[in-house]
Amino acid sequence: MSQITVGDLVVELDEDGFLEDHKQWTVDVANYLAKTEEIEELGEEHWKMINYLREYFDQFGVAPMVRKMCKDTGFDQKKIYELFPAGPGKGACKIAGLPKPTGCV
Amino acid sequence: MLDQKDLRPKDLGRQDEQLIKLETYNLMPLLPPYDKPGMQPPITEPKPAWREKYCASLDGFIALDTLTRPQTKEEEDEFVRKFLSGLEKIFSDANNGILEPLLLSFEYCAKCNTCSEACHIYKAAGDNELYRPIFRSEVLRKIVKKYFTKSGKLLGGFVGADIDVNWETIARLGELAYRCNLCRRCAQTCPLGLDNSILSKEIRKIFSQEIGIAPTPLHNKGTMLQLKTGSSTGLTKPAFLDTLEFLEEDTEEKFGIKLKFPIDKKGADILVLHNAGEFIAWPENPVAFAILMNEAGLNWTLSSEMMGYDSVNYGLWYDDVQAKKIALAQMKAAKELGVNRIIVGECGHAHKASIVAGDRMAYGDTKVNVESCLPLLWDLVQSKRLKMDPSRNNFPVTLHDPCNVVRQMGIVEPQRNVLREICPQFREMTPHGVDNYCCGGGSGFAIMNSQNFPSFRDNVASRMKFNQILGAFQGKMEDASQVKYICAPCSNCKGAMRAILEHYEATEKFNLQYGGLVELMVNALVSMKKPFFEFLE
């Protein structure tokens, strides 16, 4: 576990850099996490994905499966890796503040 | 640090920062093309901060991410006391579910070491003393001797009670219980029928039930999450229904099949219980199941009710209380739906949890028949209820035998009968069937990704399996245009396969693919207009 300080906010991260508490997410936290994931700046397409993931998570309490993620955003897997080099789970979901995937996934 | 060859069970009580260290060049050699230098990724060292926080003092790997170093002498003593108290309990009548085989395995070992030769972890680590199946059992025997026998209390080292018992000893023993996949290959080979995996499991149990320590992916984010949300993936009922709806649309778009998942159909003959991880990570598997069962005209359903849509039961690996809660709740969900039987999908530990272990937990009216999917699938092929064209699967295919299904339950032939029928280039691994080796993901390893534990899993625990795969495809490996398919009919095994293929970049370099059994069946269906596998497109 580690801590990051974003502005006035102290945020707890787990060993893999996911937020311990997804409620601590802010736009600034996303920008901060993006830098740790080799993304210089979050652009329009990044935000499309982040907002989509957050909305899905708010509604269902879990991340959507990758295939659904692709279809709903119109990005294929290759595009997702271009936007988020660590991939849909460890990259996109992490920056969107979703918890680390659990279970046999 | 010790040379592993000099390591003895009593050394677990030594104050070294780390007892032994694994080096890639000491591990069992890999077969071509992985025998060349530079083909093996290095072993991950623990970070200094991890050493301070966790128990990295066994072999440098950390499986128990909730086992943190004590701050005071009191905490240290409390930890040892709780372990000893738990140890006393497992040998009491309160543990009657397993007491007899536990006592047999504990008391009758002749130390012939036949089991070591059978253990994939011992062999993969280059005949490493630490991972002998009886090494950890011996540590446990020494502790019991020291604290719970008259001779041990009086005579100590003269009668084998020669171990220092401190925080480090017990913590290392807890870690060592997670260097065993509980695959029971050692038990199968033991001339006396003793089972060292029982001792591994009992140590895990003492840690969880007595001290409250278990790997986060198995406990907090595993059984606890499942009992709270219905699934260890966190998949809630609305999310599950949304996922099914999406898969129906997606299947129609891709294959032109109007797929319908029957949901909560009262009084259906069969309730299919999948590992919910399939819906998220390998959705083609439950889709393939649905296509086959619909085409065969079976009267089946899925459940969307709490505990009715996730077959997993991680309790089996570390905690009897959690295991029982989950098994009974799953059976209750099936009972309420009024089905004749549960068919367990392609998930090995769920097979054992609900067919073998769960069956002994439920009584009378609470019981529902639980069966494996594999004999049913073979029946559909054998009876020609499904029209198959084997030429669609004309690429090399090998079969991985999930330990829980094959060695533990003796379901050996149905799955290979299917493959013989529908895969012209099917070839066995050596050895196979009940003599198979574990994928290295068994007993939770596949989902334990904290700290550097994946490095142990991918380099050591899965090593024998990777060699078996390479062996099965010798002569075919170098041709990267040739698809090679590892059929692993178990979610946990698939997780381990995915990890080793990534670890060795084997899909990228050599076109090694993996998946379940039903996907191959759907790919061979005459009614399919295009290949079911993306890699064949």
# chains A, B, ... in the order shown; residues from 1 in each chain; ligands from 1
$ residues_around --residues "Ala30 of chain A" --least-positions-apart "5" --cutoff "8 Å" --atoms "only C-alpha atoms" --output "list in words"
Trp25, Ile95, Ala96 and Gly97 of chain A
$ write_last_selection --atoms "N, CA and C atoms" --output "JSON list (two decimals), in the first residue's frame"
[["chain", "number", "residue", "atom", "x", "y", "z"],
["A", 25, "TRP", "N", -11.83, 9.20, -5.84],
["A", 25, "TRP", "CA", -11.45, 9.60, -7.19],
["A", 25, "TRP", "C", -11.86, 11.04, -7.49],
["A", 95, "ILE", "N", -7.23, 4.20, -13.91],
["A", 95, "ILE", "CA", -7.30, 5.66, -13.98],
["A", 95, "ILE", "C", -8.72, 6.15, -13.72],
["A", 96, "ALA", "N", -9.70, 5.34, -14.08],
["A", 96, "ALA", "CA", -11.10, 5.70, -13.83],
["A", 96, "ALA", "C", -11.47, 5.49, -12.36],
["A", 97, "GLY", "N", -10.53, 4.98, -11.57],
["A", 97, "GLY", "CA", -10.77, 4.85, -10.13],
["A", 97, "GLY", "C", -11.54, 3.61, -9.72]]
$ interface_residues --of "chain A" --to "chain B" --cutoff "12 Å" --atoms "only C-alpha atoms" --output "PyMOL selection string"
chain A and resi 1-2+14-17+56-72+88-89+98-105
$ select_by_dssp --residues "chain A" --states "helix (DSSP H, G or I)" --output "number ranges by chain"
A: 22-24, 27-36, 44-60, 66-73, 77-83, 87-95
$ write_last_selection --atoms "N, CA and C atoms" --output "compact mmCIF listing (two decimals), in the first residue's frame"
# COMPACT_ATOMS: atom_id res chain seq x y z
N HIS A 22 -12.66 3.76 -4.00
CA HIS A 22 -12.98 4.38 -5.30
C HIS A 22 -13.68 5.74 -5.15
N LYS A 23 -14.22 5.99 -3.96
CA LYS A 23 -14.90 7.27 -3.74
C LYS A 23 -13.91 8.44 -3.67
N GLN A 24 -12.63 8.11 -3.50
CA GLN A 24 -11.62 9.18 -3.43
C GLN A 24 -11.24 9.73 -4.80
N VAL A 27 -10.95 14.27 -10.75
CA VAL A 27 -10.31 14.51 -12.05
C VAL A 27 -8.80 14.66 -11.87
N ASP A 28 -8.41 15.34 -10.81
CA ASP A 28 -6.97 15.52 -10.55
C ASP A 28 -6.28 14.19 -10.25
N VAL A 29 -6.98 13.33 -9.52
CA VAL A 29 -6.41 12.00 -9.23
C VAL A 29 -6.22 11.24 -10.54
N ALA A 30 -7.20 11.34 -11.43
CA ALA A 30 -7.09 10.66 -12.73
C ALA A 30 -5.87 11.17 -13.50
N ASN A 31 -5.71 12.50 -13.50
CA ASN A 31 -4.55 13.07 -14.20
C ASN A 31 -3.24 12.58 -13.59
N TYR A 32 -3.22 12.49 -12.27
CA TYR A 32 -2.03 12.03 -11.58
C TYR A 32 -1.73 10.57 -11.95
N LEU A 33 -2.78 9.72 -11.88
CA LEU A 33 -2.59 8.29 -12.17
C LEU A 33 -2.16 8.09 -13.63
N ALA A 34 -2.70 8.92 -14.51
CA ALA A 34 -2.36 8.80 -15.93
C ALA A 34 -0.85 8.93 -16.13
N LYS A 35 -0.26 9.85 -15.40
CA LYS A 35 1.19 10.07 -15.55
C LYS A 35 1.97 8.82 -15.13
N THR A 36 1.48 8.12 -14.11
CA THR A 36 2.16 6.89 -13.67
C THR A 36 1.95 5.76 -14.67
N GLU A 44 -9.50 13.78 -25.17
CA GLU A 44 -10.95 13.57 -25.30
C GLU A 44 -11.31 12.08 -25.32
N GLU A 45 -10.51 11.30 -26.07
CA GLU A 45 -10.82 9.86 -26.17
C GLU A 45 -10.59 9.14 -24.84
N HIS A 46 -9.55 9.56 -24.13
CA HIS A 46 -9.33 8.98 -22.80
C HIS A 46 -10.55 9.23 -21.92
N TRP A 47 -11.03 10.46 -21.96
CA TRP A 47 -12.15 10.82 -21.09
C TRP A 47 -13.43 10.11 -21.48
N LYS A 48 -13.58 9.86 -22.77
CA LYS A 48 -14.76 9.11 -23.21
C LYS A 48 -14.78 7.75 -22.50
N MET A 49 -13.61 7.10 -22.49
CA MET A 49 -13.50 5.79 -21.85
C MET A 49 -13.67 5.90 -20.33
N ILE A 50 -13.00 6.86 -19.73
CA ILE A 50 -13.06 7.01 -18.27
C ILE A 50 -14.50 7.28 -17.82
N ASN A 51 -15.15 8.21 -18.50
CA ASN A 51 -16.54 8.53 -18.11
C ASN A 51 -17.47 7.34 -18.30
N TYR A 52 -17.24 6.61 -19.40
CA TYR A 52 -18.05 5.41 -19.64
C TYR A 52 -17.88 4.41 -18.50
N LEU A 53 -16.61 4.15 -18.13
CA LEU A 53 -16.33 3.16 -17.08
C LEU A 53 -16.94 3.58 -15.75
N ARG A 54 -16.83 4.87 -15.46
CA ARG A 54 -17.36 5.35 -14.17
C ARG A 54 -18.88 5.24 -14.13
N GLU A 55 -19.52 5.56 -15.26
CA GLU A 55 -20.97 5.45 -15.29
C GLU A 55 -21.42 3.99 -15.13
N TYR A 56 -20.71 3.10 -15.83
CA TYR A 56 -21.07 1.68 -15.73
C TYR A 56 -20.89 1.19 -14.29
N PHE A 57 -19.77 1.60 -13.71
CA PHE A 57 -19.48 1.17 -12.33
C PHE A 57 -20.52 1.73 -11.35
N ASP A 58 -20.93 2.98 -11.54
CA ASP A 58 -21.95 3.57 -10.66
C ASP A 58 -23.25 2.77 -10.74
N GLN A 59 -23.57 2.33 -11.94
CA GLN A 59 -24.83 1.61 -12.12
C GLN A 59 -24.75 0.17 -11.62
N PHE A 60 -23.61 -0.52 -11.92
CA PHE A 60 -23.57 -1.96 -11.68
C PHE A 60 -22.60 -2.42 -10.59
N VAL A 66 -14.46 -6.65 -21.16
CA VAL A 66 -13.70 -5.90 -22.16
C VAL A 66 -14.47 -5.78 -23.49
N ARG A 67 -15.13 -6.87 -23.86
CA ARG A 67 -15.84 -6.88 -25.13
C ARG A 67 -16.93 -5.81 -25.16
N LYS A 68 -17.59 -5.66 -24.03
CA LYS A 68 -18.66 -4.66 -23.93
C LYS A 68 -18.07 -3.24 -23.94
N MET A 69 -16.96 -3.13 -23.24
CA MET A 69 -16.24 -1.86 -23.19
C MET A 69 -15.93 -1.38 -24.62
N CYS A 70 -15.46 -2.32 -25.45
CA CYS A 70 -15.09 -1.99 -26.83
C CYS A 70 -16.32 -1.53 -27.61
N LYS A 71 -17.36 -2.29 -27.47
CA LYS A 71 -18.55 -2.00 -28.26
C LYS A 71 -19.18 -0.67 -27.86
N ASP A 72 -19.29 -0.46 -26.56
CA ASP A 72 -19.98 0.75 -26.10
C ASP A 72 -19.19 2.03 -26.37
N THR A 73 -17.86 1.91 -26.43
CA THR A 73 -17.07 3.12 -26.68
C THR A 73 -16.67 3.25 -28.15
N GLN A 77 -9.72 -3.31 -29.13
CA GLN A 77 -8.72 -3.56 -28.09
C GLN A 77 -7.39 -2.87 -28.39
N LYS A 78 -7.04 -2.85 -29.69
CA LYS A 78 -5.78 -2.22 -30.08
C LYS A 78 -5.79 -0.74 -29.71
N LYS A 79 -6.93 -0.13 -29.99
CA LYS A 79 -7.09 1.30 -29.70
C LYS A 79 -7.00 1.54 -28.18
N ILE A 80 -7.62 0.64 -27.41
CA ILE A 80 -7.57 0.79 -25.95
C ILE A 80 -6.13 0.74 -25.45
N TYR A 81 -5.35 -0.17 -26.02
CA TYR A 81 -3.94 -0.26 -25.62
C TYR A 81 -3.14 0.97 -26.06
N GLU A 82 -3.55 1.56 -27.20
CA GLU A 82 -2.89 2.80 -27.62
C GLU A 82 -3.17 3.92 -26.62
N LEU A 83 -4.43 3.99 -26.21
CA LEU A 83 -4.83 5.05 -25.27
C LEU A 83 -4.27 4.78 -23.87
N GLY A 87 -3.44 -1.40 -20.70
CA GLY A 87 -4.61 -2.20 -21.08
C GLY A 87 -5.89 -1.75 -20.41
N PRO A 88 -6.99 -2.45 -20.72
CA PRO A 88 -8.29 -2.04 -20.22
C PRO A 88 -8.41 -2.11 -18.69
N GLY A 89 -7.87 -3.19 -18.08
CA GLY A 89 -8.02 -3.34 -16.63
C GLY A 89 -7.01 -2.52 -15.85
N LYS A 90 -5.73 -2.84 -16.10
CA LYS A 90 -4.67 -2.21 -15.30
C LYS A 90 -4.42 -0.76 -15.71
N GLY A 91 -4.93 -0.38 -16.89
CA GLY A 91 -4.76 1.00 -17.33
C GLY A 91 -6.04 1.80 -17.17
N ALA A 92 -7.01 1.54 -18.06
CA ALA A 92 -8.23 2.36 -18.10
C ALA A 92 -9.02 2.31 -16.79
N CYS A 93 -9.28 1.10 -16.29
CA CYS A 93 -10.08 0.98 -15.05
C CYS A 93 -9.35 1.63 -13.88
N LYS A 94 -8.04 1.48 -13.85
CA LYS A 94 -7.27 2.06 -12.74
C LYS A 94 -7.41 3.57 -12.74
N ILE A 95 -7.23 4.20 -13.91
CA ILE A 95 -7.30 5.66 -13.98
C ILE A 95 -8.72 6.15 -13.72
$ residues_around --residues "Ala187 of chain B" --least-positions-apart "6" --cutoff "9 Å" --atoms "only C-alpha atoms" --output "CSV table (one decimal) with N, CA and C atoms, in the first residue's frame"
chain,number,residue,atom,x,y,z
B,115,CYS,N,7.1,-39.3,-2.8
B,115,CYS,CA,6.2,-38.2,-3.1
B,115,CYS,C,7.0,-37.1,-3.7
B,193,GLY,N,-0.4,-44.3,1.0
B,193,GLY,CA,-1.7,-43.6,0.8
B,193,GLY,C,-1.8,-42.4,1.7
B,194,LEU,N,-0.7,-41.8,2.1
B,194,LEU,CA,-0.7,-40.6,2.9
B,194,LEU,C,-0.8,-39.3,2.0
B,195,ASP,N,-1.3,-38.3,2.6
B,195,ASP,CA,-1.6,-37.1,1.7
B,195,ASP,C,-1.0,-35.8,2.4
B,196,ASN,N,0.1,-35.4,1.9
B,196,ASN,CA,0.7,-34.2,2.4
B,196,ASN,C,0.0,-32.9,2.2
B,197,SER,N,-0.9,-33.0,1.1
B,197,SER,CA,-1.7,-31.7,0.9
B,197,SER,C,-2.7,-31.5,2.0
$ residues_around --residues "Phe106 of chain B" --least-positions-apart "4" --cutoff "12 Å" --atoms "only C-alpha atoms" --output "list of chain:residue names"
B:Ile90, B:Phe91, B:Ile98, B:Leu99, B:Glu100, B:Pro101, B:Leu102, B:Ala110, B:Lys111, B:Ile134, B:Arg136, B:Ser137, B:Glu138, B:Val139, B:Leu140, B:Arg141, B:Lys142, B:Val144, B:Lys145, B:Leu192, B:Gly193, B:Leu194, B:Asp195, B:Asn196, B:Ser197, B:Ile198, B:Leu199, B:Ser200, B:Glu202
$ residues_around --residues "Leu31 of chain B" --least-positions-apart "3" --cutoff "7 Å" --atoms "only C-alpha atoms" --output "ChimeraX atom specification"
/B:34-35,467,470
$ closest_residue --among "B:Lys10, B:Ala94, B:Ala171, B:Ile163" --to "Leu58 of chain B" --atoms "only C-alpha atoms"
B:Ala171
